[in-house]
>>> print(open('entry.cif').read())   # mmCIF, C-alpha atoms and all ligand atoms
data_start
loop_
_atom_site.group_PDB
_atom_site.id
_atom_site.type_symbol
_atom_site.label_atom_id
_atom_site.label_comp_id
_atom_site.auth_asym_id
_atom_site.auth_seq_id
_atom_site.Cartn_x
_atom_site.Cartn_y
_atom_site.Cartn_z
ATOM 1 C CA MET A 504 0.000 0.000 0.000
ATOM 2 C CA GLY A 505 3.053 2.251 0.240
ATOM 3 C CA VAL A 506 2.354 5.859 1.168
ATOM 4 C CA PHE A 507 -1.311 5.228 1.921
ATOM 5 C CA GLU A 508 -0.421 2.958 4.794
ATOM 6 C CA GLU A 509 -0.142 6.078 6.921
ATOM 7 C CA ILE A 510 -3.864 6.759 6.491
ATOM 8 C CA GLU A 511 -5.075 3.181 6.245
ATOM 9 C CA ASP A 512 -7.778 3.898 8.821
ATOM 10 C CA GLN A 513 -9.504 6.040 6.157
ATOM 11 C CA LYS A 514 -11.554 3.091 4.981
ATOM 12 C CA GLN A 515 -13.648 5.033 2.464
ATOM 13 C CA ALA A 516 -11.039 7.324 0.985
ATOM 14 C CA VAL A 517 -8.019 5.069 0.610
ATOM 15 C CA PRO A 518 -9.555 2.636 -1.921
ATOM 16 C CA VAL A 519 -10.578 5.629 -4.052
ATOM 17 C CA LEU A 520 -7.045 7.034 -3.940
ATOM 18 C CA VAL A 521 -5.412 3.691 -4.598
ATOM 19 C CA ALA A 522 -7.672 3.133 -7.613
ATOM 20 C CA ALA A 523 -6.960 6.629 -8.909
ATOM 21 C CA ALA A 524 -3.212 6.237 -8.494
ATOM 22 C CA LYS A 525 -3.346 2.913 -10.261
ATOM 23 C CA ALA A 526 -5.399 4.347 -13.106
ATOM 24 C CA ALA A 527 -2.975 7.238 -13.343
ATOM 25 C CA GLY A 528 -0.229 4.826 -14.321
ATOM 26 C CA ILE A 529 0.490 5.620 -17.924
ATOM 27 C CA ASP A 530 -0.487 2.210 -19.331
ATOM 28 C CA SER A 531 -3.674 1.896 -17.413
ATOM 29 C CA SER A 532 -6.947 1.284 -19.202
ATOM 30 C CA GLU A 533 -9.005 2.162 -16.130
ATOM 31 C CA SER A 534 -8.567 5.866 -16.632
ATOM 32 C CA GLN A 535 -12.138 6.667 -15.622
ATOM 33 C CA GLU A 536 -11.008 6.008 -12.052
ATOM 34 C CA MET A 537 -8.637 8.916 -12.341
ATOM 35 C CA THR A 538 -9.891 12.430 -11.812
ATOM 36 C CA HIS A 539 -7.924 15.574 -12.463
ATOM 37 C CA ALA A 540 -9.670 17.888 -10.025
ATOM 38 C CA TRP A 541 -10.251 16.942 -6.418
ATOM 39 C CA LEU A 542 -11.500 18.561 -3.266
ATOM 40 C CA PHE A 543 -10.172 16.952 -0.096
ATOM 41 C CA THR A 544 -12.144 17.800 3.033
ATOM 42 C CA GLY A 545 -12.116 16.828 6.669
ATOM 43 C CA PHE A 546 -9.490 15.538 8.980
ATOM 44 C CA GLY A 547 -5.863 15.424 7.835
ATOM 45 C CA ARG A 548 -6.798 16.511 4.303
ATOM 46 C CA GLU A 549 -3.527 18.322 3.636
ATOM 47 C CA ARG A 550 -1.388 15.360 4.565
ATOM 48 C CA ALA A 551 -3.638 13.128 2.466
ATOM 49 C CA ALA A 552 -3.122 15.469 -0.501
ATOM 50 C CA LEU A 553 0.657 15.083 -0.179
ATOM 51 C CA LEU A 554 0.371 11.309 0.022
ATOM 52 C CA PHE A 555 -1.818 11.252 -3.069
ATOM 53 C CA ALA A 556 0.639 13.533 -4.863
ATOM 54 C CA ALA A 557 3.449 11.126 -3.968
ATOM 55 C CA SER A 558 1.476 8.241 -5.448
ATOM 56 C CA LEU A 559 1.167 10.201 -8.708
ATOM 57 C CA LEU A 560 4.743 11.465 -8.902
ATOM 58 C CA CYS A 561 6.465 8.250 -7.824
ATOM 59 C CA ARG A 562 7.359 5.791 -10.547
ATOM 60 C CA SER A 563 6.140 2.924 -8.391
ATOM 61 C CA GLY A 564 2.806 4.489 -7.483
ATOM 62 C CA GLY A 565 3.837 5.831 -4.086
ATOM 63 C CA CYS A 566 6.400 3.468 -2.567
ATOM 64 C CA GLY A 567 7.131 5.955 0.218
ATOM 65 C CA THR A 568 10.892 5.587 0.078
ATOM 66 C CA CYS A 569 12.205 6.742 -3.333
ATOM 67 C CA SER A 570 13.413 10.301 -3.866
ATOM 68 C CA ASP A 571 10.189 11.244 -5.702
ATOM 69 C CA CYS A 572 8.177 10.179 -2.667
ATOM 70 C CA VAL A 573 10.502 11.763 -0.125
ATOM 71 C CA THR A 574 10.683 15.138 -1.904
ATOM 72 C CA THR A 575 6.933 15.156 -2.540
ATOM 73 C CA LEU A 576 6.147 14.510 1.112
ATOM 74 C CA ALA A 577 8.557 17.295 2.025
ATOM 75 C CA GLY A 578 6.700 19.579 -0.410
ATOM 76 C CA SER A 579 9.749 20.192 -2.578
ATOM 77 C CA HIS A 580 9.270 17.966 -5.630
ATOM 78 C CA GLY A 581 9.830 19.819 -8.891
ATOM 79 C CA ASP A 582 6.495 18.715 -10.343
ATOM 80 C CA LEU A 583 4.551 19.652 -7.247
ATOM 81 C CA GLU A 584 3.019 23.085 -6.679
ATOM 82 C CA LEU A 585 2.207 23.272 -2.997
ATOM 83 C CA VAL A 586 0.281 26.446 -2.214
ATOM 84 C CA LYS A 587 -0.001 27.418 1.433
ATOM 85 C CA THR A 588 -1.666 30.682 2.303
ATOM 86 C CA ASP A 589 -0.744 32.899 5.201
ATOM 87 C CA GLY A 590 -2.982 35.723 4.092
ATOM 88 C CA LEU A 591 -6.654 36.162 4.848
ATOM 89 C CA SER A 592 -7.677 35.353 1.325
ATOM 90 C CA ILE A 593 -6.403 33.873 -1.921
ATOM 91 C CA LYS A 594 -6.774 36.563 -4.563
ATOM 92 C CA ILE A 595 -7.399 36.481 -8.280
ATOM 93 C CA ASP A 596 -3.826 37.454 -9.191
ATOM 94 C CA ASP A 597 -2.422 34.569 -7.132
ATOM 95 C CA VAL A 598 -4.754 32.168 -8.895
ATOM 96 C CA ARG A 599 -3.931 33.437 -12.392
ATOM 97 C CA GLU A 600 -0.254 32.925 -11.749
ATOM 98 C CA LEU A 601 -0.881 29.500 -10.319
ATOM 99 C CA VAL A 602 -3.040 28.427 -13.265
ATOM 100 C CA GLN A 603 -0.195 29.379 -15.552
ATOM 101 C CA ARG A 604 2.384 27.394 -13.604
ATOM 102 C CA ALA A 605 0.002 24.438 -13.401
ATOM 103 C CA SER A 606 -0.152 24.263 -17.176
ATOM 104 C CA TRP A 607 3.574 23.640 -17.555
ATOM 105 C CA SER A 608 4.519 20.136 -18.579
ATOM 106 C CA PRO A 609 5.864 17.950 -15.821
ATOM 107 C CA SER A 610 9.650 17.825 -15.815
ATOM 108 C CA THR A 611 10.464 14.386 -14.496
ATOM 109 C CA SER A 612 7.164 12.722 -13.616
ATOM 110 C CA ASN A 613 3.998 11.820 -15.468
ATOM 111 C CA TYR A 614 2.052 14.586 -13.764
ATOM 112 C CA ARG A 615 2.142 18.076 -12.430
ATOM 113 C CA VAL A 616 0.284 18.134 -9.150
ATOM 114 C CA VAL A 617 -1.103 21.320 -7.646
ATOM 115 C CA ILE A 618 -2.163 21.258 -4.012
ATOM 116 C CA LEU A 619 -4.117 24.323 -2.979
ATOM 117 C CA GLU A 620 -4.413 24.362 0.787
ATOM 118 C CA SER A 621 -7.056 26.540 2.470
ATOM 119 C CA ALA A 622 -9.208 26.697 -0.658
ATOM 120 C CA GLU A 623 -11.925 28.097 1.596
ATOM 121 C CA ARG A 624 -9.994 31.358 1.447
ATOM 122 C CA LEU A 625 -10.439 31.814 -2.304
ATOM 123 C CA THR A 626 -12.242 35.042 -2.990
ATOM 124 C CA ASP A 627 -15.213 34.641 -5.333
ATOM 125 C CA SER A 628 -13.314 36.204 -8.218
ATOM 126 C CA ALA A 629 -10.288 34.000 -7.546
ATOM 127 C CA ALA A 630 -12.530 30.936 -7.450
ATOM 128 C CA ASN A 631 -14.023 31.956 -10.779
ATOM 129 C CA ALA A 632 -10.555 32.333 -12.270
ATOM 130 C CA LEU A 633 -9.892 28.774 -11.213
ATOM 131 C CA LEU A 634 -13.007 27.254 -12.780
ATOM 132 C CA LYS A 635 -11.718 26.733 -16.282
ATOM 133 C CA ALA A 636 -8.437 25.298 -15.054
ATOM 134 C CA ILE A 637 -10.089 22.658 -12.907
ATOM 135 C CA GLU A 638 -12.708 21.901 -15.521
ATOM 136 C CA GLU A 639 -10.176 21.221 -18.270
ATOM 137 C CA PRO A 640 -6.971 20.663 -16.354
ATOM 138 C CA GLY A 641 -5.007 19.078 -19.159
ATOM 139 C CA LEU A 642 -4.036 15.429 -19.244
ATOM 140 C CA ARG A 643 -0.928 15.842 -17.149
ATOM 141 C CA THR A 644 -2.154 18.211 -14.461
ATOM 142 C CA VAL A 645 -3.920 17.197 -11.272
ATOM 143 C CA TRP A 646 -5.510 19.730 -8.930
ATOM 144 C CA ILE A 647 -6.104 18.917 -5.290
ATOM 145 C CA LEU A 648 -7.974 21.610 -3.383
ATOM 146 C CA CYS A 649 -8.201 21.324 0.394
ATOM 147 C CA ALA A 650 -10.924 22.858 2.547
ATOM 148 C CA PRO A 651 -12.475 21.960 5.911
ATOM 149 C CA SER A 652 -15.795 20.986 4.312
ATOM 150 C CA ASP A 653 -17.316 21.079 0.840
ATOM 151 C CA ALA A 654 -19.635 23.853 2.020
ATOM 152 C CA ASP A 655 -16.533 26.030 2.381
ATOM 153 C CA VAL A 656 -16.031 26.450 -1.362
ATOM 154 C CA ILE A 657 -18.479 28.026 -3.770
ATOM 155 C CA VAL A 658 -20.895 25.726 -5.528
ATOM 156 C CA THR A 659 -19.405 26.288 -8.997
ATOM 157 C CA ILE A 660 -16.115 24.856 -7.731
ATOM 158 C CA ARG A 661 -17.818 22.061 -5.870
ATOM 159 C CA SER A 662 -19.629 20.865 -8.971
ATOM 160 C CA ARG A 663 -16.375 20.564 -10.912
ATOM 161 C CA VAL A 664 -14.320 18.557 -8.483
ATOM 162 C CA ARG A 665 -14.467 15.108 -7.030
ATOM 163 C CA VAL A 666 -15.012 15.495 -3.300
ATOM 164 C CA LEU A 667 -13.253 13.107 -1.003
ATOM 165 C CA SER A 668 -13.703 13.488 2.704
ATOM 166 C CA PHE A 669 -11.451 12.230 5.435
ATOM 167 C CA VAL A 670 -12.855 11.336 8.809
ATOM 168 C CA ALA A 671 -11.293 11.948 12.177
ATOM 169 C CA PRO A 672 -10.025 8.836 13.952
ATOM 170 C CA ALA A 673 -12.609 7.381 16.331
ATOM 171 C CA ALA A 674 -10.652 8.466 19.394
ATOM 172 C CA LEU A 675 -10.846 12.065 18.213
ATOM 173 C CA THR A 676 -14.529 12.123 17.229
ATOM 174 C CA VAL A 677 -15.321 11.434 20.862
ATOM 175 C CA THR A 678 -14.121 14.936 21.572
ATOM 176 C CA THR A 679 -16.814 16.465 19.374
ATOM 177 C CA SER A 680 -19.425 14.743 21.474
ATOM 178 C CA ALA A 681 -22.640 16.368 22.558
ATOM 179 C CA GLU A 682 -20.985 17.340 25.820
ATOM 180 C CA ILE A 683 -18.483 19.646 24.142
ATOM 181 C CA LEU A 684 -21.097 21.189 21.912
ATOM 182 C CA ARG A 685 -23.283 21.947 24.900
ATOM 183 C CA LEU A 686 -20.524 23.790 26.747
ATOM 184 C CA PRO A 687 -20.797 27.193 25.030
ATOM 185 C CA PHE A 688 -24.528 27.350 25.672
ATOM 186 C CA GLU A 689 -23.984 27.025 29.401
ATOM 187 C CA ILE A 690 -21.489 29.869 29.794
ATOM 188 C CA LYS A 691 -22.708 32.515 32.216
ATOM 189 C CA ASP A 692 -19.711 34.787 32.684
ATOM 190 C CA VAL A 693 -16.138 35.416 31.587
ATOM 191 C CA ALA A 694 -14.681 32.965 34.099
ATOM 192 C CA GLY A 695 -17.022 30.320 32.751
ATOM 193 C CA ALA A 696 -15.955 31.196 29.212
ATOM 194 C CA PHE A 697 -12.279 30.667 30.077
ATOM 195 C CA ALA A 698 -13.074 27.360 31.761
ATOM 196 C CA ALA A 699 -15.038 26.162 28.724
ATOM 197 C CA ALA A 700 -12.198 27.166 26.381
ATOM 198 C CA ALA A 701 -9.644 25.338 28.507
ATOM 199 C CA LYS A 702 -11.793 22.219 28.581
ATOM 200 C CA ILE A 703 -12.331 22.159 24.819
ATOM 201 C CA VAL A 704 -8.644 22.678 24.014
ATOM 202 C CA GLU A 705 -7.648 20.089 26.601
ATOM 203 C CA LEU A 706 -9.996 17.489 25.091
ATOM 204 C CA ALA A 707 -8.801 18.214 21.559
ATOM 205 C CA LYS A 708 -5.175 17.910 22.678
ATOM 206 C CA SER A 709 -5.563 14.691 24.611
ATOM 207 C CA GLY A 710 -7.543 13.160 21.762
ATOM 208 C CA ALA A 711 -4.845 14.084 19.252
ATOM 209 C CA GLU A 712 -2.140 12.832 21.570
ATOM 210 C CA ALA A 713 -3.736 9.437 21.980
ATOM 211 C CA VAL A 714 -4.139 8.964 18.240
ATOM 212 C CA ALA A 715 -0.714 10.384 17.399
ATOM 213 C CA GLU A 716 1.147 8.256 19.926
ATOM 214 C CA GLU A 717 -0.220 5.088 18.462
ATOM 215 C CA LEU A 718 0.751 6.166 14.931
ATOM 216 C CA ASN A 719 4.167 7.422 16.050
ATOM 217 C CA ASP A 720 5.272 4.246 17.789
ATOM 218 C CA GLU A 721 4.336 2.147 14.801
ATOM 219 C CA GLU A 722 6.170 4.460 12.378
ATOM 220 C CA VAL A 723 9.324 4.588 14.478
ATOM 221 C CA ARG A 724 9.270 0.822 14.802
ATOM 222 C CA LYS A 725 8.994 0.425 11.012
ATOM 223 C CA ALA A 726 11.693 3.008 10.315
ATOM 224 C CA LYS A 727 14.097 1.301 12.692
ATOM 225 C CA GLU A 728 13.350 -1.964 11.002
ATOM 226 C CA ALA A 729 13.984 -0.427 7.581
ATOM 227 C CA TRP A 730 17.288 1.024 8.771
ATOM 228 C CA GLY A 731 18.340 -2.336 10.087
ATOM 229 C CA GLN A 732 18.577 -1.596 13.754
ATOM 230 C CA GLN A 733 20.743 -4.085 15.565
ATOM 231 C CA GLY A 734 20.364 -4.163 19.284
ATOM 232 C CA SER A 735 20.085 -0.561 20.450
ATOM 233 C CA LYS A 736 22.501 0.744 17.791
ATOM 234 C CA LEU A 737 21.323 2.663 14.732
ATOM 235 C CA THR A 738 23.404 3.710 11.753
ATOM 236 C CA ALA A 739 24.120 7.438 11.381
ATOM 237 C CA GLY A 740 21.680 7.632 8.447
ATOM 238 C CA GLY A 741 19.139 5.807 10.549
ATOM 239 C CA SER A 742 19.239 8.239 13.472
ATOM 240 C CA LYS A 743 18.947 11.154 11.074
ATOM 241 C CA ALA A 744 15.922 9.572 9.409
ATOM 242 C CA ILE A 745 14.294 8.944 12.798
ATOM 243 C CA LYS A 746 14.915 12.567 13.823
ATOM 244 C CA GLU A 747 13.243 13.769 10.610
ATOM 245 C CA LEU A 748 10.385 11.375 11.205
ATOM 246 C CA GLU A 749 9.871 12.662 14.736
ATOM 247 C CA LYS A 750 9.843 16.230 13.523
ATOM 248 C CA GLY A 751 7.100 15.356 11.032
ATOM 249 C CA GLN A 752 5.181 13.556 13.727
ATOM 250 C CA LYS A 753 5.255 16.596 15.954
ATOM 251 C CA SER A 754 3.793 18.847 13.299
ATOM 252 C CA ARG A 755 1.204 16.211 12.456
ATOM 253 C CA GLN A 756 0.069 16.247 16.080
ATOM 254 C CA THR A 757 -0.260 20.031 16.008
ATOM 255 C CA ARG A 758 -2.296 19.733 12.818
ATOM 256 C CA MET A 759 -4.492 17.108 14.468
ATOM 257 C CA VAL A 760 -5.299 19.477 17.328
ATOM 258 C CA HIS A 761 -6.144 22.209 14.825
ATOM 259 C CA ASP A 762 -8.266 19.880 12.715
ATOM 260 C CA THR A 763 -10.118 18.668 15.788
ATOM 261 C CA LEU A 764 -10.820 22.210 16.950
ATOM 262 C CA ASP A 765 -11.940 23.123 13.456
ATOM 263 C CA THR A 766 -14.374 20.207 13.425
ATOM 264 C CA ILE A 767 -15.749 21.310 16.790
ATOM 265 C CA LEU A 768 -16.190 24.864 15.518
ATOM 266 C CA LEU A 769 -17.995 23.712 12.380
ATOM 267 C CA ASP A 770 -20.354 21.535 14.434
ATOM 268 C CA LEU A 771 -20.917 24.448 16.764
ATOM 269 C CA ALA A 772 -21.750 26.780 13.874
ATOM 270 C CA VAL A 773 -24.341 24.249 12.701
ATOM 271 C CA LYS A 774 -25.931 24.274 16.170
ATOM 272 C CA TYR A 775 -26.261 28.059 16.105
ATOM 273 C CA ARG A 776 -27.591 27.896 12.557
ATOM 274 C CA ASP A 777 -30.263 25.454 13.763
ATOM 275 C CA GLN A 778 -31.113 27.900 16.501
ATOM 276 C CA LEU A 779 -31.472 30.619 13.913
ATOM 277 C CA VAL A 780 -33.757 28.510 11.727
ATOM 278 C CA SER A 781 -35.945 27.463 14.640
ATOM 279 C CA GLY A 782 -36.347 31.122 15.585
ATOM 280 C CA ALA A 783 -35.123 30.586 19.146
ATOM 281 C CA GLY A 784 -33.227 33.512 20.637
ATOM 282 C CA ASP A 785 -32.336 36.921 19.255
ATOM 283 C CA SER A 786 -31.399 36.339 15.610
ATOM 284 C CA VAL A 787 -28.969 39.260 15.443
ATOM 285 C CA ALA A 788 -27.087 37.947 18.447
ATOM 286 C CA VAL A 789 -27.042 34.403 17.032
ATOM 287 C CA LEU A 790 -25.708 35.681 13.707
ATOM 288 C CA ARG A 791 -22.989 37.552 15.547
ATOM 289 C CA LYS A 792 -22.039 34.329 17.316
ATOM 290 C CA ILE A 793 -21.825 32.424 14.045
ATOM 291 C CA ASP A 794 -19.565 35.182 12.757
ATOM 292 C CA ALA A 795 -17.378 34.875 15.827
ATOM 293 C CA ILE A 796 -17.069 31.124 15.253
ATOM 294 C CA MET A 797 -16.054 31.594 11.618
ATOM 295 C CA ASP A 798 -13.600 34.231 12.696
ATOM 296 C CA ALA A 799 -12.046 31.834 15.196
ATOM 297 C CA ARG A 800 -11.748 29.167 12.475
ATOM 298 C CA GLY A 801 -9.878 31.634 10.309
ATOM 299 C CA ARG A 802 -7.529 32.555 13.110
ATOM 300 C CA LEU A 803 -6.766 28.931 13.927
ATOM 301 C CA ALA A 804 -6.101 28.261 10.266
ATOM 302 C CA ARG A 805 -3.531 31.050 10.398
ATOM 303 C CA ASN A 806 -1.838 29.299 13.307
ATOM 304 C CA ALA A 807 -3.142 31.443 16.135
ATOM 305 C CA ALA A 808 -2.669 29.952 19.599
ATOM 306 C CA PRO A 809 -5.577 27.554 20.180
ATOM 307 C CA LEU A 810 -6.267 28.473 23.804
ATOM 308 C CA LEU A 811 -6.260 32.245 23.248
ATOM 309 C CA THR A 812 -8.470 31.857 20.189
ATOM 310 C CA MET A 813 -10.965 29.664 21.997
ATOM 311 C CA GLU A 814 -11.003 31.962 25.037
ATOM 312 C CA ALA A 815 -11.840 34.953 22.889
ATOM 313 C CA LEU A 816 -14.524 32.951 21.125
ATOM 314 C CA MET A 817 -16.120 31.597 24.302
ATOM 315 C CA VAL A 818 -16.298 35.096 25.749
ATOM 316 C CA SER A 819 -18.293 36.219 22.725
ATOM 317 C CA LEU A 820 -20.520 33.123 22.881
ATOM 318 C CA ARG A 821 -21.582 33.581 26.509
ATOM 319 C CA ALA A 822 -25.226 34.116 27.343
ATOM 320 C CA GLY A 823 -26.693 37.595 27.120
ATOM 321 C CA VAL A 824 -24.123 38.972 24.669
HETATM 322 ZN ZN ZN A 901 8.217 6.322 -4.476
#
>>> encode(input="entry.cif", output="structure tokens")
Amino acid sequence: MGVFEEIEDQKQAVPVLVAAAKAAGIDSSESQEMTHAWLFTGFGRERAALLFAASLLCRSGGCGTCSDCVTTLAGSHGDLELVKTDGLSIKIDDVRELVQRASWSPSTSNYRVVILESAERLTDSAANALLKAIEEPGLRTVWILCAPSDADVIVTIRSRVRVLSFVAPAALTVTTSAEILRLPFEIKDVAGAFAAAAKIVELAKSGAEAVAEELNDEEVRKAKEAWGQQGSKLTAGGSKAIKELEKGQKSRQTRMVHDTLDTILLDLAVKYRDQLVSGAGDSVAVLRKIDAIMDARGRLARNAAPLLTMEALMVSLRAGV
């Protein structure tokens, strides 16, 4: 299974990706399985996009160890355009430039892969500039857009991409339980808001930790095996590889906490939307709360500190505001 082993718990998505990668092989006759424009949503979508890119750029369909795989996973492969956005929005000029680069022929691989992270930050005009490119991407270009949910991109984009959603590991979904979602509705004062924020962040962190630890141990074990550990001694190359691996694992855990918090915020926004539809409460105040939630999502996506962000949010969600 190669690179996809890392996300083998994604029982729905992995077979789709494996089939697509297989069909992408130049001699394949199953090309209808391959799609040139994707939208990855949900938990760990950005990592999944890199893994999929590796399976397309690697000569062996994503072995996980060759230099194509390694450079793709590090985001530095020559035929990979990895677009991360620090700004509030992705503007039309950025997209035009990107569309141009995406149309170049691949230099060493069969494909040029464009990963557009935070596609939810496309302005409407930028999204429109992207339409033609993702509708007729060219035989050798593959677009992978990433957004928290498919509702986060405009419908004209959504209708032109194949949506693949990734689910949070079971241990993490527990944290978005009814209990967490009830918390904000029970806040009476600022102290209560801080306590609720601390509880939510704590649950997201411990959930991510539990899942990450299990993954980490397994990966380190495999890496040591691959580097031929004898006794407690590792080769110099082996210790370097393990260090790199551990660095990646650390940032994955941070991403997991962010993804978990983002899921909680989306679920929370839905609860307030339901409240709005049912006509319960002051609709202006509820709208303001939904805005505050979306604002917090944006700040987390820009790497704001989780606790501070959640504290500010919980203060604006408390009763009577
Ligand atoms: Zn490879």
>>> resolve_selection(input="entry.cif", expression="the PyMOL selection byres (((chain A and resi 626-632) around 9) and not hetatm)", output="JSON, numbers by chain")
{"A": [592, 593, 594, 595, 596, 597, 598, 599, 602, 622, 623, 624, 625, 633, 634, 635, 636, 656, 657, 659, 660]}
>>> closest_atom_pairs(input="entry.cif", of="chain A", to="ligand ZN 901 (chain A)", cutoff="12 Å", atoms="only C-alpha atoms and all ligand atoms", output="JSON lines")
{"residue": "A:Met504", "atom": "CA", "partner": "A:ZN901", "partner_atom": "ZN", "distance": 11.3}
{"residue": "A:Gly505", "atom": "CA", "partner": "A:ZN901", "partner_atom": "ZN", "distance": 8.1}
{"residue": "A:Val506", "atom": "CA", "partner": "A:ZN901", "partner_atom": "ZN", "distance": 8.2}
{"residue": "A:Phe507", "atom": "CA", "partner": "A:ZN901", "partner_atom": "ZN", "distance": 11.5}
{"residue": "A:Leu554", "atom": "CA", "partner": "A:ZN901", "partner_atom": "ZN", "distance": 10.3}
{"residue": "A:Phe555", "atom": "CA", "partner": "A:ZN901", "partner_atom": "ZN", "distance": 11.3}
{"residue": "A:Ala556", "atom": "CA", "partner": "A:ZN901", "partner_atom": "ZN", "distance": 10.5}
{"residue": "A:Ala557", "atom": "CA", "partner": "A:ZN901", "partner_atom": "ZN", "distance": 6.8}
{"residue": "A:Ser558", "atom": "CA", "partner": "A:ZN901", "partner_atom": "ZN", "distance": 7.1}
{"residue": "A:Leu559", "atom": "CA", "partner": "A:ZN901", "partner_atom": "ZN", "distance": 9.1}
{"residue": "A:Leu560", "atom": "CA", "partner": "A:ZN901", "partner_atom": "ZN", "distance": 7.6}
{"residue": "A:Cys561", "atom": "CA", "partner": "A:ZN901", "partner_atom": "ZN", "distance": 4.2}
{"residue": "A:Arg562", "atom": "CA", "partner": "A:ZN901", "partner_atom": "ZN", "distance": 6.2}
{"residue": "A:Ser563", "atom": "CA", "partner": "A:ZN901", "partner_atom": "ZN", "distance": 5.6}
{"residue": "A:Gly564", "atom": "CA", "partner": "A:ZN901", "partner_atom": "ZN", "distance": 6.5}
{"residue": "A:Gly565", "atom": "CA", "partner": "A:ZN901", "partner_atom": "ZN", "distance": 4.4}
{"residue": "A:Cys566", "atom": "CA", "partner": "A:ZN901", "partner_atom": "ZN", "distance": 3.9}
{"residue": "A:Gly567", "atom": "CA", "partner": "A:ZN901", "partner_atom": "ZN", "distance": 4.8}
{"residue": "A:Thr568", "atom": "CA", "partner": "A:ZN901", "partner_atom": "ZN", "distance": 5.3}
{"residue": "A:Cys569", "atom": "CA", "partner": "A:ZN901", "partner_atom": "ZN", "distance": 4.2}
{"residue": "A:Ser570", "atom": "CA", "partner": "A:ZN901", "partner_atom": "ZN", "distance": 6.6}
{"residue": "A:Asp571", "atom": "CA", "partner": "A:ZN901", "partner_atom": "ZN", "distance": 5.4}
{"residue": "A:Cys572", "atom": "CA", "partner": "A:ZN901", "partner_atom": "ZN", "distance": 4.3}
{"residue": "A:Val573", "atom": "CA", "partner": "A:ZN901", "partner_atom": "ZN", "distance": 7.3}
{"residue": "A:Thr574", "atom": "CA", "partner": "A:ZN901", "partner_atom": "ZN", "distance": 9.5}
{"residue": "A:Thr575", "atom": "CA", "partner": "A:ZN901", "partner_atom": "ZN", "distance": 9.1}
{"residue": "A:Leu576", "atom": "CA", "partner": "A:ZN901", "partner_atom": "ZN", "distance": 10.1}
{"residue": "A:His580", "atom": "CA", "partner": "A:ZN901", "partner_atom": "ZN", "distance": 11.7}
{"residue": "A:Ser612", "atom": "CA", "partner": "A:ZN901", "partner_atom": "ZN", "distance": 11.2}
>>> atom_distance(input="entry.cif", atom1="CA of Leu811 (chain A)", atom2="CA of Lys708 (chain A)")
14.4 Å
>>> closest_residue(input="entry.cif", among="A:Val760, A:Val658, A:Val616, A:Val670", to="Phe543 (chain A)", atoms="only C-alpha atoms")
A:Val670
>>> residues_around(input="entry.cif", residues="Ile647 (chain A)", least_positions_apart="5", cutoff="9 Å", atoms="all atoms listed in the file", output="VMD selection string")
chain A and resid 539 to 543 552 556 616 to 620 664
>>> residues_around(input="entry.cif", residues="Ala516 (chain A)", least_positions_apart="5", cutoff="9 Å", atoms="all atoms listed in the file", output="JSON, numbers by chain")
{"A": [511, 521, 667, 668, 669, 670]}
>>> resolve_selection(input="entry.cif", expression="the PyMOL selection byres (((chain A and resi 523) around 10) and not hetatm)", output="compact mmCIF listing (two decimals) with C-alpha atoms, keeping the file's coordinate frame")
# COMPACT_ATOMS: atom_id res chain seq x y z
CA VAL A 517 -8.02 5.07 0.61
CA PRO A 518 -9.56 2.64 -1.92
CA VAL A 519 -10.58 5.63 -4.05
CA LEU A 520 -7.04 7.03 -3.94
CA VAL A 521 -5.41 3.69 -4.60
CA ALA A 522 -7.67 3.13 -7.61
CA ALA A 524 -3.21 6.24 -8.49
CA LYS A 525 -3.35 2.91 -10.26
CA ALA A 526 -5.40 4.35 -13.11
CA ALA A 527 -2.98 7.24 -13.34
CA GLY A 528 -0.23 4.83 -14.32
CA GLU A 533 -9.01 2.16 -16.13
CA SER A 534 -8.57 5.87 -16.63
CA GLN A 535 -12.14 6.67 -15.62
CA GLU A 536 -11.01 6.01 -12.05
CA MET A 537 -8.64 8.92 -12.34
CA THR A 538 -9.89 12.43 -11.81
CA HIS A 539 -7.92 15.57 -12.46
CA PHE A 555 -1.82 11.25 -3.07
CA SER A 558 1.48 8.24 -5.45
CA LEU A 559 1.17 10.20 -8.71
>>> closest_residue(input="entry.cif", among="A:Glu509, A:Asp794, A:Glu728, A:Glu682", to="Leu553 (chain A)", atoms="all atoms listed in the file")
A:Glu509
>>> closest_residue(input="entry.cif", among="A:Ile793, A:Ala808, A:Leu769, A:Leu684", to="Ala699 (chain A)", atoms="all atoms listed in the file")
A:Leu684
>>> resolve_selection(input="entry.cif", expression="the PyMOL selection byres (((chain A and resi 546) around 7) and not hetatm)", output="PyMOL selection string")
chain A and resi 544-545+547-548+669-671+762
>>> atom_distance(input="entry.cif", atom1="CA of Glu508 (chain A)", atom2="CA of Glu716 (chain A)")
16.1 Å
>>> residues_near_point(input="entry.cif", point="(18.2, 0.7, 10.8)", cutoff="7 Å", atoms="all atoms listed in the file", output="MDAnalysis selection string")
chainID A and resid 726:732 737:738 741
>>> atom_distance(input="entry.cif", atom1="CA of Leu803 (chain A)", atom2="CA of Glu721 (chain A)")
29.0 Å
>>> closest_residue(input="entry.cif", among="A:Ala700, A:Met797, A:Ala650, A:Leu779", to="Met813 (chain A)", atoms="all atoms listed in the file")
A:Ala700
>>> residues_around(input="entry.cif", residues="region 685-697 of chain A", least_positions_apart="3", cutoff="9 Å", atoms="all atoms listed in the file", output="PyMOL selection string")
chain A and resi 680-682+700-703+771+810+813-823
>>> closest_residue(input="entry.cif", among="A:Thr812, A:Gln603, A:Asn719, A:Gln513", to="Lys753 (chain A)", atoms="all atoms listed in the file")
A:Asn719
